[in-house]
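Below is upload36.cif, which holds mmCIF, C-alpha atoms and all ligand atoms.
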```
data_protein
#
loop_
_atom_site.label_atom_id
_atom_site.label_comp_id
_atom_site.auth_asym_id
_atom_site.auth_seq_id
_atom_site.Cartn_x
_atom_site.Cartn_y
_atom_site.Cartn_z
CA MET A 1 37.55 -25.58 -26.40
CA THR A 2 34.91 -23.04 -25.58
CA GLY A 3 33.30 -21.54 -28.67
CA GLU A 4 33.08 -17.76 -28.90
CA LEU A 5 29.49 -16.59 -28.90
CA ALA A 6 28.53 -14.24 -31.72
CA SER A 7 28.07 -10.66 -30.49
CA PRO A 8 24.81 -9.95 -28.62
CA GLY A 9 23.71 -7.74 -31.51
CA THR A 10 24.33 -10.49 -34.04
CA ARG A 11 22.37 -12.98 -31.97
CA LEU A 12 19.39 -10.66 -31.60
CA ARG A 13 19.53 -9.82 -35.30
CA ARG A 14 19.45 -13.52 -36.18
CA LEU A 15 16.48 -14.11 -33.91
CA LEU A 16 14.56 -11.25 -35.50
CA ALA A 17 15.36 -12.67 -38.95
CA GLU A 18 13.86 -16.08 -38.16
CA PRO A 19 10.67 -16.97 -40.02
CA GLN A 20 8.63 -17.34 -36.81
CA PRO A 21 8.12 -14.41 -34.40
CA THR A 22 10.70 -14.32 -31.62
CA PRO A 23 9.19 -13.94 -28.15
CA LEU A 24 11.00 -11.54 -25.82
CA VAL A 25 9.99 -11.31 -22.20
CA GLY A 26 10.33 -8.30 -19.92
CA ALA A 27 13.03 -8.47 -17.27
CA HIS A 28 13.93 -5.90 -14.66
CA ASP A 29 16.76 -7.48 -12.66
CA GLY A 30 19.01 -10.51 -12.54
CA LEU A 31 16.36 -12.74 -10.97
CA SER A 32 13.66 -12.01 -13.52
CA ALA A 33 16.24 -12.55 -16.28
CA ARG A 34 17.18 -15.97 -14.94
CA ILE A 35 13.56 -17.01 -14.51
CA ALA A 36 12.89 -16.03 -18.13
CA ALA A 37 15.89 -18.01 -19.34
CA GLU A 38 14.80 -21.04 -17.32
CA ALA A 39 11.39 -20.87 -19.03
CA GLY A 40 13.11 -21.00 -22.42
CA PHE A 41 12.73 -17.46 -23.75
CA PRO A 42 15.39 -16.78 -26.40
CA ALA A 43 15.73 -13.03 -25.71
CA LEU A 44 14.94 -10.42 -23.06
CA TRP A 45 13.37 -6.99 -23.05
CA ALA A 46 14.87 -4.74 -20.35
CA SER A 47 11.57 -2.98 -19.76
CA GLY A 48 11.49 0.66 -18.72
CA LEU A 49 8.15 0.15 -16.98
CA CYS A 50 9.37 -2.89 -15.08
CA MET A 51 12.76 -1.45 -14.12
CA SER A 52 11.13 1.79 -12.98
CA THR A 53 8.55 -0.14 -10.97
CA ALA A 54 11.27 -2.29 -9.41
CA LEU A 55 13.03 0.93 -8.40
CA GLY A 56 9.80 2.20 -6.87
CA VAL A 57 9.25 5.04 -9.30
CA ARG A 58 6.94 5.86 -12.21
CA ASP A 59 7.60 5.05 -15.85
CA SER A 60 7.81 8.73 -16.66
CA ASP A 61 11.57 9.24 -16.73
CA GLU A 62 11.73 9.40 -12.95
CA ALA A 63 14.55 6.87 -12.82
CA SER A 64 17.87 8.28 -13.97
CA TRP A 65 19.37 6.56 -16.93
CA SER A 66 22.37 5.54 -14.83
CA ASP A 67 19.92 3.79 -12.47
CA LEU A 68 18.38 2.04 -15.45
CA LEU A 69 21.73 1.03 -16.93
CA GLY A 70 22.68 -0.38 -13.52
CA LEU A 71 19.69 -2.70 -13.72
CA VAL A 72 20.35 -3.46 -17.39
CA THR A 73 23.86 -4.55 -16.38
CA ARG A 74 22.30 -7.04 -13.95
CA VAL A 75 19.88 -8.28 -16.59
CA VAL A 76 22.68 -8.71 -19.13
CA GLU A 77 25.04 -10.47 -16.73
CA ALA A 78 22.46 -12.86 -15.34
CA THR A 79 22.14 -14.95 -18.53
CA GLU A 80 23.65 -15.41 -21.99
CA LEU A 81 20.46 -14.21 -23.66
CA PRO A 82 20.53 -11.16 -25.92
CA VAL A 83 18.90 -8.15 -24.27
CA LEU A 84 16.96 -5.45 -26.08
CA VAL A 85 17.01 -2.36 -23.87
CA ASP A 86 14.05 -0.02 -23.60
CA GLY A 87 15.77 3.34 -24.03
CA ASP A 88 12.52 5.34 -23.71
CA THR A 89 12.92 8.63 -25.63
CA GLY A 90 16.70 8.68 -25.26
CA TYR A 91 16.44 11.06 -22.26
CA GLY A 92 16.78 14.35 -24.12
CA ASN A 93 18.35 14.99 -27.49
CA PHE A 94 20.47 13.09 -30.02
CA ASN A 95 23.46 13.35 -27.69
CA THR A 96 21.89 11.80 -24.59
CA ALA A 97 20.29 9.14 -26.81
CA ARG A 98 23.59 8.16 -28.38
CA THR A 99 25.44 8.26 -25.05
CA PHE A 100 22.83 5.93 -23.55
CA THR A 101 23.09 3.66 -26.59
CA ALA A 102 26.88 3.57 -26.48
CA ARG A 103 26.80 2.63 -22.80
CA ALA A 104 24.18 -0.03 -23.37
CA GLU A 105 26.42 -1.53 -26.04
CA ARG A 106 29.49 -1.41 -23.75
CA ILE A 107 27.71 -3.29 -20.96
CA GLY A 108 26.79 -6.07 -23.35
CA ALA A 109 23.22 -5.35 -24.46
CA ALA A 110 22.15 -6.53 -27.91
CA GLY A 111 20.13 -3.52 -28.92
CA VAL A 112 18.31 -0.39 -27.86
CA CYS A 113 14.75 0.66 -28.60
CA LEU A 114 13.97 4.39 -28.71
CA GLU A 115 10.46 5.82 -28.86
CA ASP A 116 9.32 8.96 -30.65
CA LYS A 117 7.70 10.76 -27.71
CA VAL A 118 8.66 13.95 -25.96
CA PHE A 119 10.81 13.80 -22.80
CA PRO A 120 9.63 13.24 -20.11
CA LYS A 121 7.47 10.48 -21.52
CA MET A 122 4.61 8.71 -19.80
CA ASN A 123 3.98 4.97 -19.98
CA SER A 124 1.87 4.28 -23.06
CA PHE A 125 -0.95 2.72 -21.05
CA PHE A 126 -1.47 5.61 -18.64
CA GLY A 127 -3.55 8.65 -19.51
CA ASP A 128 -3.79 10.49 -22.79
CA SER A 129 -0.76 12.72 -22.68
CA HIS A 130 1.55 11.22 -25.30
CA ALA A 131 2.97 14.08 -27.33
CA LEU A 132 5.05 12.96 -30.31
CA ALA A 133 8.50 14.36 -31.03
CA PRO A 134 9.01 15.97 -34.45
CA VAL A 135 9.94 13.30 -37.01
CA ASP A 136 13.19 14.98 -38.04
CA GLU A 137 14.36 15.38 -34.48
CA PHE A 138 13.71 11.72 -33.71
CA SER A 139 15.31 10.61 -36.97
CA GLY A 140 18.42 12.56 -35.91
CA LYS A 141 18.51 10.53 -32.68
CA ILE A 142 18.41 7.29 -34.67
CA ARG A 143 21.21 8.48 -36.96
CA ALA A 144 23.33 9.60 -34.01
CA CYS A 145 22.88 6.20 -32.31
CA ARG A 146 23.81 4.37 -35.51
CA ASP A 147 26.96 6.46 -35.87
CA ILE A 148 28.25 5.85 -32.35
CA LEU A 149 28.15 2.05 -32.37
CA ARG A 150 31.26 -0.10 -32.19
CA ASP A 151 29.45 -3.25 -33.30
CA PRO A 152 27.55 -2.55 -36.52
CA GLU A 153 25.34 -5.54 -35.65
CA PHE A 154 24.00 -3.88 -32.47
CA VAL A 155 20.28 -3.53 -33.09
CA ILE A 156 18.52 -0.17 -33.14
CA VAL A 157 14.76 -0.41 -32.89
CA ALA A 158 12.71 2.72 -33.63
CA ARG A 159 9.40 2.71 -31.84
CA THR A 160 6.59 4.85 -33.05
CA GLU A 161 3.90 5.89 -30.64
CA ALA A 162 1.75 7.41 -33.38
CA LEU A 163 -1.14 5.00 -32.74
CA VAL A 164 -0.86 5.42 -28.95
CA ALA A 165 -1.00 9.20 -29.47
CA ASP A 166 -4.05 8.82 -31.75
CA ALA A 167 -2.16 10.45 -34.61
CA GLY A 168 -3.49 7.92 -37.11
CA MET A 169 -2.24 5.17 -39.40
CA GLU A 170 -0.83 7.46 -42.08
CA GLU A 171 1.30 9.23 -39.49
CA ALA A 172 2.50 5.90 -38.08
CA LEU A 173 3.59 4.81 -41.56
CA ARG A 174 5.21 8.15 -42.35
CA ARG A 175 7.21 7.93 -39.16
CA ALA A 176 8.21 4.30 -39.61
CA GLU A 177 9.43 5.10 -43.10
CA ALA A 178 11.45 8.09 -41.86
CA TYR A 179 13.05 5.97 -39.15
CA ARG A 180 13.91 3.25 -41.67
CA LYS A 181 15.68 5.85 -43.77
CA ALA A 182 17.48 7.14 -40.66
CA GLY A 183 19.03 3.69 -40.14
CA ALA A 184 16.72 1.78 -37.79
CA ASP A 185 17.05 -2.01 -38.01
CA ALA A 186 13.47 -2.68 -36.93
CA VAL A 187 10.29 -0.77 -36.16
CA PHE A 188 8.32 -1.25 -32.97
CA ILE A 189 4.73 -0.35 -33.77
CA HIS A 190 2.96 0.17 -30.48
CA SER A 191 -0.79 -0.02 -29.95
CA ARG A 192 -3.04 0.02 -26.95
CA SER A 193 -6.02 -1.38 -28.76
CA GLU A 194 -7.60 -4.55 -27.39
CA SER A 195 -7.69 -5.96 -30.89
CA VAL A 196 -4.83 -6.78 -33.23
CA ASP A 197 -6.66 -5.10 -36.12
CA GLU A 198 -4.75 -1.83 -36.19
CA ILE A 199 -1.44 -3.71 -36.08
CA ALA A 200 -2.67 -5.89 -38.96
CA GLN A 201 -3.58 -2.79 -40.92
CA PHE A 202 -0.15 -1.30 -40.31
CA VAL A 203 1.56 -4.53 -41.37
CA GLU A 204 -0.38 -4.63 -44.61
CA MET A 205 0.58 -1.09 -45.54
CA TRP A 206 4.17 -1.43 -44.32
CA ARG A 207 4.91 -4.19 -46.81
CA ASP A 208 7.73 -5.88 -45.00
CA GLN A 209 10.22 -3.03 -45.33
CA LEU A 210 11.93 -3.72 -42.00
CA PRO A 211 11.32 -6.28 -39.26
CA LEU A 212 8.40 -5.34 -37.02
CA VAL A 213 8.25 -5.66 -33.25
CA ILE A 214 5.08 -5.45 -31.15
CA ALA A 215 4.03 -5.60 -27.48
CA PRO A 216 0.57 -7.15 -27.24
CA THR A 217 -0.05 -5.95 -23.68
CA THR A 218 -3.66 -5.04 -24.45
CA TYR A 219 -4.32 -7.41 -27.38
CA TYR A 220 -2.90 -10.42 -25.54
CA ARG A 221 -5.94 -12.52 -26.50
CA THR A 222 -4.72 -12.65 -30.11
CA PRO A 223 -3.91 -16.27 -31.02
CA PRO A 224 -0.11 -16.55 -31.45
CA GLU A 225 -0.45 -17.88 -35.01
CA VAL A 226 -1.91 -14.51 -36.04
CA PHE A 227 1.42 -12.82 -35.28
CA ALA A 228 3.18 -15.47 -37.36
CA THR A 229 0.78 -15.00 -40.27
CA LEU A 230 1.32 -11.25 -40.12
CA GLY A 231 5.07 -11.85 -40.37
CA ILE A 232 5.85 -10.10 -37.06
CA SER A 233 9.53 -10.52 -36.11
CA GLY A 234 9.48 -9.88 -32.37
CA VAL A 235 6.68 -10.21 -29.82
CA ILE A 236 7.50 -8.51 -26.53
CA TRP A 237 5.69 -9.76 -23.43
CA ALA A 238 6.78 -6.59 -21.71
CA ASN A 239 5.36 -6.61 -18.22
CA GLN A 240 3.59 -9.92 -17.52
CA SER A 241 6.46 -11.34 -15.43
CA LEU A 242 6.66 -8.22 -13.26
CA ARG A 243 2.88 -8.10 -12.86
CA SER A 244 2.84 -11.73 -11.75
CA ALA A 245 5.49 -10.89 -9.16
CA VAL A 246 3.40 -7.92 -7.98
CA ALA A 247 0.36 -10.18 -7.56
CA ALA A 248 2.38 -12.85 -5.74
CA MET A 249 4.15 -10.42 -3.40
CA ARG A 250 0.92 -8.63 -2.51
CA ARG A 251 -0.78 -11.90 -1.72
CA ALA A 252 2.19 -13.16 0.30
CA CYS A 253 2.47 -10.00 2.40
CA ARG A 254 -1.27 -9.99 3.07
CA LEU A 255 -1.25 -13.65 4.07
CA LEU A 256 1.85 -13.30 6.23
CA ARG A 257 0.29 -10.35 8.04
CA THR A 258 -3.13 -11.92 8.55
CA GLU A 259 -2.51 -15.65 8.90
CA GLY A 260 1.19 -16.02 9.51
CA PRO A 261 3.87 -18.02 7.72
CA VAL A 262 2.37 -21.52 7.83
CA PRO A 263 -0.27 -21.29 5.06
CA LEU A 264 2.10 -19.15 3.02
CA GLU A 265 4.96 -21.66 3.03
CA GLU A 266 2.84 -24.03 0.92
CA GLU A 267 2.72 -21.65 -2.00
CA ILE A 268 6.06 -19.85 -2.07
CA ALA A 269 9.25 -20.97 -3.81
CA PRO A 270 11.38 -23.16 -1.55
CA LEU A 271 14.83 -21.76 -0.89
CA ASP A 272 16.21 -24.63 -2.97
CA VAL A 273 14.63 -23.07 -6.03
CA VAL A 274 16.30 -19.75 -5.24
CA PHE A 275 19.64 -21.51 -4.77
CA ARG A 276 19.23 -23.36 -8.05
CA LEU A 277 18.33 -20.21 -9.98
CA MET A 278 21.48 -18.51 -8.70
CA ASP A 279 23.61 -21.64 -9.18
CA TYR A 280 24.82 -22.07 -5.62
CA GLN A 281 25.92 -25.57 -6.64
CA GLY A 282 28.30 -24.05 -9.16
CA LEU A 283 29.93 -22.03 -6.40
CA ALA A 284 30.20 -25.09 -4.16
CA ALA A 285 31.93 -26.98 -6.98
CA ASP A 286 34.30 -24.08 -7.61
CA GLN A 287 35.04 -23.96 -3.91
CA GLU A 288 36.34 -27.54 -4.13
CA ARG A 289 38.28 -26.76 -7.24
CA TYR A 290 39.99 -23.56 -6.21
CA SER A 291 40.47 -23.90 -2.46
CA ALA A 292 43.72 -25.40 -1.30
C1 LIG B 301 7.98 -1.12 -21.28
O1 LIG B 301 7.97 -2.32 -20.98
O2 LIG B 301 8.45 -0.24 -20.58
C2 LIG B 301 7.39 -0.70 -22.56
C3 LIG B 301 6.36 -1.53 -23.14
O3 LIG B 301 7.73 0.34 -23.05
S1 LIG B 301 4.85 -1.01 -22.53
O4 LIG B 301 4.95 -0.72 -21.12
O5 LIG B 301 3.98 -2.15 -22.84
O6 LIG B 301 4.49 0.19 -23.29
MG MG B 302 8.91 1.48 -21.83
#
```
Kindly return the structure encoded in the file as structure tokens.
Amino acid sequence: MTGELASPGTRLRRLLAEPQPTPLVGAHDGLSARIAAEAGFPALWASGLCMSTALGVRDSDEASWSDLLGLVTRVVEATELPVLVDGDTGYGNFNTARTFTARAERIGAAGVCLEDKVFPKMNSFFGDSHALAPVDEFSGKIRACRDILRDPEFVIVARTEALVADAGMEEALRRAEAYRKAGADAVFIHSRSESVDEIAQFVEMWRDQLPLVIAPTTYYRTPPEVFATLGISGVIWANQSLRSAVAAMRRACRLLRTEGPVPLEEEIAPLDVVFRLMDYQGLAADQERYSA
């Protein structure tokens, strides 16, 4: 008998409710999803930055949301892991946000994260142009997303960019509180500080009202036990896997061009690894089983 898995939303919800922070790793296609699963990550972040980069465009709403959902489908189908989808600003108003969310749910994602910036947004780590959407307008998006779900366990994460936009701690708290009231299941408090201090300050003032999610892209030096002590629920390693691929591909192309394939072969994944990641053996076994 094969046991039914709980819904993706339920599984993500349970992970975020665990006493220790749940690590999520950024994925942008089926391959990166499988590599993350092989390494033992319990959940995936379908990263807007990474999917945009994989498509060869900027993380400034240049990819259409159908393009992004195409990649999310690949990420979802590649493993059994629950996938939290980066829904950026929701691509317009409450209606585009809820349509995106409904589609993400239909294709098997576990949750969507929406951020309170103005469309078109810019990646939080580039430049200083990060205008915030009015709180009421963004709260309306959260409510609309909540109302369109089929699975009430599907997770809606509200991300505030107040600290990224230099709007201050009070504003970050005011926004997080509004989004909690609008029906968010968790708050993603984003920071581009190199220290965890502003996150710690937020946590202290937030007083555990909803699970908190963070992406320590710039404060990656923070010892992991600090996140546990702060009671953080989800730690998103948003772009490290993609950036490692960028470094490896650049090096490989340079080496191939300058020195040829022989020195390169030593350091690249053997085809066997590729076949194993995609379970070619499983297909060979099925071939036996189903062919006359
Ligand atoms: C993403 O991965 O697209 C994110 C997280 O939004 S970050 O790029 O770290 O802001
Ligand atoms: Mg993003």
> Got a sec to check which residues lie within 7 Å of ligand LIG 301 (chain B), using all atoms listed in the file, and send them as a list in words?
Replying inline: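 Answer in the requested format: Gly26, Ser47, Gly48, Leu49, Cys50, Asp86, Asp88, Asn123, Ser124, Phe125, Ala215, Thr217, Ala238 and Asn239 of chain A.
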Let me have all residues with an atom within 12 Å of ligand MG 302 (chain B), counting all atoms listed in the file, laid out as a PDB file with C-alpha atoms, in the frame of the given file.
```
ATOM      1  CA  GLY A  26      10.330  -8.300 -19.920  1.00  0.00           C
ATOM      2  CA  ALA A  27      13.030  -8.470 -17.270  1.00  0.00           C
ATOM      3  CA  HIS A  28      13.930  -5.900 -14.660  1.00  0.00           C
ATOM      4  CA  TRP A  45      13.370  -6.990 -23.050  1.00  0.00           C
ATOM      5  CA  ALA A  46      14.870  -4.740 -20.350  1.00  0.00           C
ATOM      6  CA  SER A  47      11.570  -2.980 -19.760  1.00  0.00           C
ATOM      7  CA  GLY A  48      11.490   0.660 -18.720  1.00  0.00           C
ATOM      8  CA  LEU A  49       8.150   0.150 -16.980  1.00  0.00           C
ATOM      9  CA  CYS A  50       9.370  -2.890 -15.080  1.00  0.00           C
ATOM     10  CA  MET A  51      12.760  -1.450 -14.120  1.00  0.00           C
ATOM     11  CA  SER A  52      11.130   1.790 -12.980  1.00  0.00           C
ATOM     12  CA  THR A  53       8.550  -0.140 -10.970  1.00  0.00           C
ATOM     13  CA  ARG A  58       6.940   5.860 -12.210  1.00  0.00           C
ATOM     14  CA  ASP A  59       7.600   5.050 -15.850  1.00  0.00           C
ATOM     15  CA  SER A  60       7.810   8.730 -16.660  1.00  0.00           C
ATOM     16  CA  ASP A  61      11.570   9.240 -16.730  1.00  0.00           C
ATOM     17  CA  ALA A  63      14.550   6.870 -12.820  1.00  0.00           C
ATOM     18  CA  LEU A  68      18.380   2.040 -15.450  1.00  0.00           C
ATOM     19  CA  LEU A  84      16.960  -5.450 -26.080  1.00  0.00           C
ATOM     20  CA  VAL A  85      17.010  -2.360 -23.870  1.00  0.00           C
ATOM     21  CA  ASP A  86      14.050  -0.020 -23.600  1.00  0.00           C
ATOM     22  CA  GLY A  87      15.770   3.340 -24.030  1.00  0.00           C
ATOM     23  CA  ASP A  88      12.520   5.340 -23.710  1.00  0.00           C
ATOM     24  CA  THR A  89      12.920   8.630 -25.630  1.00  0.00           C
ATOM     25  CA  GLY A  90      16.700   8.680 -25.260  1.00  0.00           C
ATOM     26  CA  VAL A 112      18.310  -0.390 -27.860  1.00  0.00           C
ATOM     27  CA  CYS A 113      14.750   0.660 -28.600  1.00  0.00           C
ATOM     28  CA  LEU A 114      13.970   4.390 -28.710  1.00  0.00           C
ATOM     29  CA  GLU A 115      10.460   5.820 -28.860  1.00  0.00           C
ATOM     30  CA  ASP A 116       9.320   8.960 -30.650  1.00  0.00           C
ATOM     31  CA  LYS A 117       7.700  10.760 -27.710  1.00  0.00           C
ATOM     32  CA  PRO A 120       9.630  13.240 -20.110  1.00  0.00           C
ATOM     33  CA  LYS A 121       7.470  10.480 -21.520  1.00  0.00           C
ATOM     34  CA  MET A 122       4.610   8.710 -19.800  1.00  0.00           C
ATOM     35  CA  ASN A 123       3.980   4.970 -19.980  1.00  0.00           C
ATOM     36  CA  SER A 124       1.870   4.280 -23.060  1.00  0.00           C
ATOM     37  CA  PHE A 125      -0.950   2.720 -21.050  1.00  0.00           C
ATOM     38  CA  PHE A 126      -1.470   5.610 -18.640  1.00  0.00           C
ATOM     39  CA  ARG A 159       9.400   2.710 -31.840  1.00  0.00           C
ATOM     40  CA  THR A 160       6.590   4.850 -33.050  1.00  0.00           C
ATOM     41  CA  GLU A 161       3.900   5.890 -30.640  1.00  0.00           C
ATOM     42  CA  PHE A 188       8.320  -1.250 -32.970  1.00  0.00           C
ATOM     43  CA  HIS A 190       2.960   0.170 -30.480  1.00  0.00           C
ATOM     44  CA  ALA A 215       4.030  -5.600 -27.480  1.00  0.00           C
ATOM     45  CA  THR A 217      -0.050  -5.950 -23.680  1.00  0.00           C
ATOM     46  CA  ILE A 236       7.500  -8.510 -26.530  1.00  0.00           C
ATOM     47  CA  TRP A 237       5.690  -9.760 -23.430  1.00  0.00           C
ATOM     48  CA  ALA A 238       6.780  -6.590 -21.710  1.00  0.00           C
ATOM     49  CA  ASN A 239       5.360  -6.610 -18.220  1.00  0.00           C
TER      50      ASN A 239
END
```
> Could you pull the residues within 9 Å of Gln201 of chain A, counting only C-alpha atoms, minus those fewer than 5 positions along the same chain, as a VMD selection string?
Replying inline: chain A and resid 169 196 206
Which residues, written as an mmCIF file with C-alpha atoms, in the coordinates of the input, have at least one atom at most 8 Å from segment 31-33 of chain A, with only C-alpha atoms counted and residues fewer than 4 positions away on the same chain left out?
```cif
data_model
loop_
_atom_site.group_PDB
_atom_site.id
_atom_site.type_symbol
_atom_site.label_atom_id
_atom_site.label_comp_id
_atom_site.auth_asym_id
_atom_site.auth_seq_id
_atom_site.Cartn_x
_atom_site.Cartn_y
_atom_site.Cartn_z
ATOM 1 C CA ALA A 27 13.030 -8.470 -17.270
ATOM 2 C CA ALA A 37 15.890 -18.010 -19.340
ATOM 3 C CA LEU A 44 14.940 -10.420 -23.060
ATOM 4 C CA VAL A 75 19.880 -8.280 -16.590
ATOM 5 C CA ALA A 78 22.460 -12.860 -15.340
ATOM 6 C CA THR A 79 22.140 -14.950 -18.530
ATOM 7 C CA SER A 241 6.460 -11.340 -15.430
ATOM 8 C CA LEU A 242 6.660 -8.220 -13.260
ATOM 9 C CA LEU A 277 18.330 -20.210 -9.980
#
```
>> Taking only C-alpha atoms into account, name the residue in A:Arg289, A:Arg192, A:Arg146, A:Arg254 that is nearest to Leu163 of chain A.
In response: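 Among the listed residues, A:Arg192 lies closest to Leu163 of chain A.
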>> Using all atoms listed in the file for the distances, tell me which of A:Thr10, A:Thr258, A:Gln209, A:Ser139 is nearest to Asp151 of chain A.
In response: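 Ranking A:Thr10, A:Thr258, A:Gln209, A:Ser139 by distance to Asp151 of chain A, first place goes to A:Thr10.
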> So how far away is atom CA of Pro223 of chain A from atom CA of Glu80 of chain A, in Å?
Replying inline: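 If I compute the distance from atom CA of Glu80 of chain A to atom CA of Pro223 of chain A, I get 29.0 Å.
Note that atom CA of Leu212 of chain A and atom CA of Leu132 of chain A are 19.8 Å apart.
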> Can you tell me how far atom CA of Val135 of chain A sits from atom CA of Glu198 of chain A, in Å to one decimal?
Replying inline: 21.1 Å
> Between A:Lys141, A:Arg150, A:Arg221, A:Arg174, which has the minimum distance to Ser195 of chain A (counting all atoms listed in the file)?
Replying inline: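 Going through A:Lys141, A:Arg150, A:Arg221, A:Arg174 one by one, the smallest distance to Ser195 of chain A is for A:Arg221.
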